[in-house]
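Following: one structure in structure tokens, then a few remarks.
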Amino acid sequence: MQSAISISLSSPSPIPRSCPRSLRFCGLRKEAFCPDASPGATSLRLTTLNLRYQHSNLNAVFAALKGNGAASSNGFDYDLVIIGAGVGGHGAALHAVEKGLKTAIIEGDVVGGTCVNRGCVPSKALLAVSGRMRDLQNEQHMKSFGLQVAAAGYDRQKVADHANNLASKIRGNLTNSMKALGVDILTGFGTILGPQKLKFGKGDSGDKIITAKDIIVATGSVPLVPKGIEVDGKTVITSDHALKLEFVPQWIAIVGSGYIGLEFSDVYTALGSEVTFVEALDQIMPGFDPEIGKLAQRVLVNPRKIDSYTGVFASKITPAKDGKPVQIELIDAKTKEPKETLEVDAALIATGRAPFTKGLGLENINVQTQRGFVPVDERMRVIDTNGKLVPHLYCIGDANGKMMLAHAASAQGISVVEQVTGNDHVLNHLSIPAACFTHPEISMVGLTEPQARERAEKEGFEVSIAKTSFKANTKALAENEGEGMAKLIYRPDNGEILGVHIFGLHAADLIHEASNAIAMGTRIQDIKFAVHAHPTLSEVLDELFKSAKVKLSASKTVAEPVPV
Amino acid sequence: MASLSFSSSVSSSTPFLRPSAFLLSSRSARLPLVRAKIREIFMPALSSTMTEGKIVSWVKSEGDVLSKGEPVVVVESDKADMDVETFYDGILAAIVVNEGETAPVGAAIGLLAETEAEIAEARAKAAAQSPAAPPPVVEEPAPVAPKAEAPAPVAAATPGKLVATPFAKKLAKQHKVDISKLVGTGPFGRVTPEDVEKAAGIAPAPKANVSPAAAPVSPAAASPPKTAASYPEIPGAKVVPFTTMQAAVSRNMIESLAVPTFRVGYPIATDALDALYKKVKAKGVTMTALLAKAAAMALVQHPEVNATCKDGKSFTYNSSVNIAVAVAMDDGLITPVLQDADKLDLYLLSKKWKELVEKARAKQLQPQEYNSGTFTLSNLGMFGVDRFDAILPPGQGAIMAVGASKPTVVADKEGFFTVKNQMLVNVTADHRIIYGADLAAFLQTFAKIVQNPESLTM
């Protein structure tokens, strides 16, 4: 990440807390490497990545002097032990080694956790297949290009293999990257025995006990199966089973219409199934910005072989047996009266994910989980039952429930490592983008319009919206994918970006310009001068920024990001 | 590329970009309305070149209260989707043009009533205005095989409960079919999209709607199959439901049972034809093309054999001679048509035939390329079959079944034996329009052409 800076120091010393006046790095301000010099201002709310980099430069130097993996001077077995080698744990581990911490990671199942083995990776493989299938089968689309495609077909086993092979490959890459850096991968189930003490193993007498200066809990989550639903792994499945693609049902009911359910509906309809959504709230796709949700419904649901039941719970699901299909009993979400019984070939439960925190031994340090989630503050520090912070214990990723996304977990992990190596860091969750990989894709960062308006009411500022359609974008039209829109929610008084939502081709890749801007605190009046290559889809965002009306004029040139 | 983006802020009350503004207000103000209190919401012109627009979605539903300036409907233009606002307060009484439908610019897409009392009036007006929706097609007299022929569902659905797949429901809505009246043929008795398409009278996949010619030889006895015939179950049997194409073939065969047919056979010496074939083979000519051309030339001289009996009481003499030739594919059967076979020369005909076969194999035949035949040719000679009876395809007068050309011992007038290549040709014809003598004469002409094939190359 950072280039190593070599300097000569008079004497090697542990991480400095005072301000070394003799050191001058190009352009670094004094405040940048004196974290404790002015406790009130810079050391606390470091919401921009700018400062993080400036700090890390300094610490990397000292880390090089200490040596990776050298025995910690504090008498612990490890400086940092991470429980769980998923995306969160992996991100934290890599950063910790970079900072010179002696790190170990405990994994009881497979390296890579949910993301690599049962989540992001195989699902994207399946979505890649479904995207192409959909394209090839869309005769009208092909004809509009002048193309003739013979009937496209697929081999289910080979599709499943593509997903499995990819998962194995990424799992191998993750393991190797950690091994190569000298992270100790400890196999077994991790349990906290007391402050800075844990054990790992099969949970029997053969368990080993280790001590660590800091512990990060990154045990992730599992699919949530509401009561009344009997999962048999064959006809009533969760995402774990679905990603193995053992069979493609003719008609599948998907319980839950959030992004997981939506992505699966994309996969199954492309492979020839019909889908029925069962959603507890009053509309499908409840988590998205309403305008985007409406357009998404028009493109992703209405023209496809999908129908939906909203405002209902699936109170009982019985797997298929004795020649009878899967039976799903629906009850009204509010009145709990029985409404209907669906008979389908398969049911996928996509009602959310539950944290995996049992058996962690949290009770040994007086921490109680709330609905399974580990309570933490904004710095990922664990809070015990008395409301006090537990020292040297952190929890990141799905296990704390703040933002159940893979990249949020690793960002949280990096934030924690920053803190334990002496640089305070608070992650700005509003700058973390999220994406749904349907075809076309949906992505978002920041607040939705209702959330923005609510905040505006409370804090007393105006909210403006800028919208643009993909139909106005040359590249999108060249691809005959003009179906899409992008929306910018901002403050017209100071040009702050509150939220950006995109629905269209490559939305998941396009969002980062906006999420970067939010992370850096860049204002619209400055970013509108940034140049975008033509013809590219990124001009969709360029359109948004250029059409926004901000009362302030550009404060600085684009080259210098605005410090906050 | 012109860019279109919208920006609306909470504070300002007059939004940008309102090209529809003038159109809407001027039209609704000047047109004398029948009932003064019911206003029409018009399809706006969103650009100077727009002639019709598509309704993307209705923001408000029937019965909602509208206030001036509120967006009511989203209309798609060639550039973007635009919100169309109402100029009047009132209640959205009726939606005339639904989501996904198009309407010309200026046409009424919705009706706005000023008070609740006028809602009923407005609805009645809407019903009268909307284009006559096709009457719900439930039981249709269309020439679709009787529903009873559908295989009995494996495990019938709970009686009184309708289970229909999502796509079936969508199609039913689209084609205005009453889904509750349908019997499901899918697994567990559910109503499938194919069931709905059948009820709506839509032919399923185009390839399937084909008149198969060389159907597997069915015994001449044509007793209509008993519908719920209980056959003894043989253990180990596998039940595979018909594909759409196979279902179409089955339907057509059953239809043909209603036609009175007779058959006439003719032996034809093919030595001369074989010699000609050897000569022109190098130029890409196939035996199929040769036979098709011969048949076409014979049909020109016997137009009654090129006719059809469409309604049971008249001759339909076809103006062109279109020879359909049966082609077997691994999952079915199709009959690409050589149009105007009499007018094309042999080489052109062969080329056309090659193209058609390729298209057929790639499942890309257009409807007019497989259902415009006036006479069908079917050849099973490549299997060694000497003669067979073909079943008459619906909509045609005659079909010719051609067997293999085999060396046969023939006696001539003088009583001498020789061995000649002989093929047996058998024509099945509709006796309502083609009589015995006509058919025999046609075959005589055909035989003459084949036995003196120089005329084929002309």
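Identifiers in this document derive from the order of the structure tokens: chains are assigned A, B, ..., residues are numbered from 1 separately in each chain, and ligands are numbered from 1 in order of occurrence.
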
* To do: Report as number ranges by chain: the residues of stretch 414-443 of chain B with a DSSP assignment of strand (DSSP E or B), based on the backbone of this structure.
  => B: 417-430

Please tabulate, as JSON lines, the residues of chain A that come within 6 Å of chain B, each with its closest pair of atoms and the distance in Å to one decimal, counting only C-alpha atoms and ordering rows by chain, then residue number upward.
{"residue": "A:Lys305", "atom": "CA", "partner": "B:Phe167", "partner_atom": "CA", "distance": 4.7}
{"residue": "A:Ile306", "atom": "CA", "partner": "B:Pro166", "partner_atom": "CA", "distance": 5.5}
{"residue": "A:Asp307", "atom": "CA", "partner": "B:Pro166", "partner_atom": "CA", "distance": 5.3}
{"residue": "A:Ser464", "atom": "CA", "partner": "B:Ser9", "partner_atom": "CA", "distance": 4.7}
{"residue": "A:Ile465", "atom": "CA", "partner": "B:Ser7", "partner_atom": "CA", "distance": 5.8}
{"residue": "A:Ala466", "atom": "CA", "partner": "B:Ser7", "partner_atom": "CA", "distance": 4.5}
{"residue": "A:Lys467", "atom": "CA", "partner": "B:Phe6", "partner_atom": "CA", "distance": 5.1}
{"residue": "A:Thr468", "atom": "CA", "partner": "B:Ser5", "partner_atom": "CA", "distance": 4.3}
{"residue": "A:Ser469", "atom": "CA", "partner": "B:Ala80", "partner_atom": "CA", "distance": 5.9}
{"residue": "A:Lys471", "atom": "CA", "partner": "B:Lys79", "partner_atom": "CA", "distance": 5.6}
{"residue": "A:Ala472", "atom": "CA", "partner": "B:Ser3", "partner_atom": "CA", "distance": 5.1}

* Find the residues near stretch 446-450 of chain A: any atom within 7 Å, counting only C-alpha atoms, skip ones fewer than 4 places away on the same chain, and give them as a PyMOL selection string. => chain A and resi 289+430-431+454+489+498-500

* **Test item: residues at most 8 Å from A:Ile229, only C-alpha atoms, excluding those fewer than 2 positions along its chain, as a PyMOL selection string** => chain A and resi 225-227+231+314-318
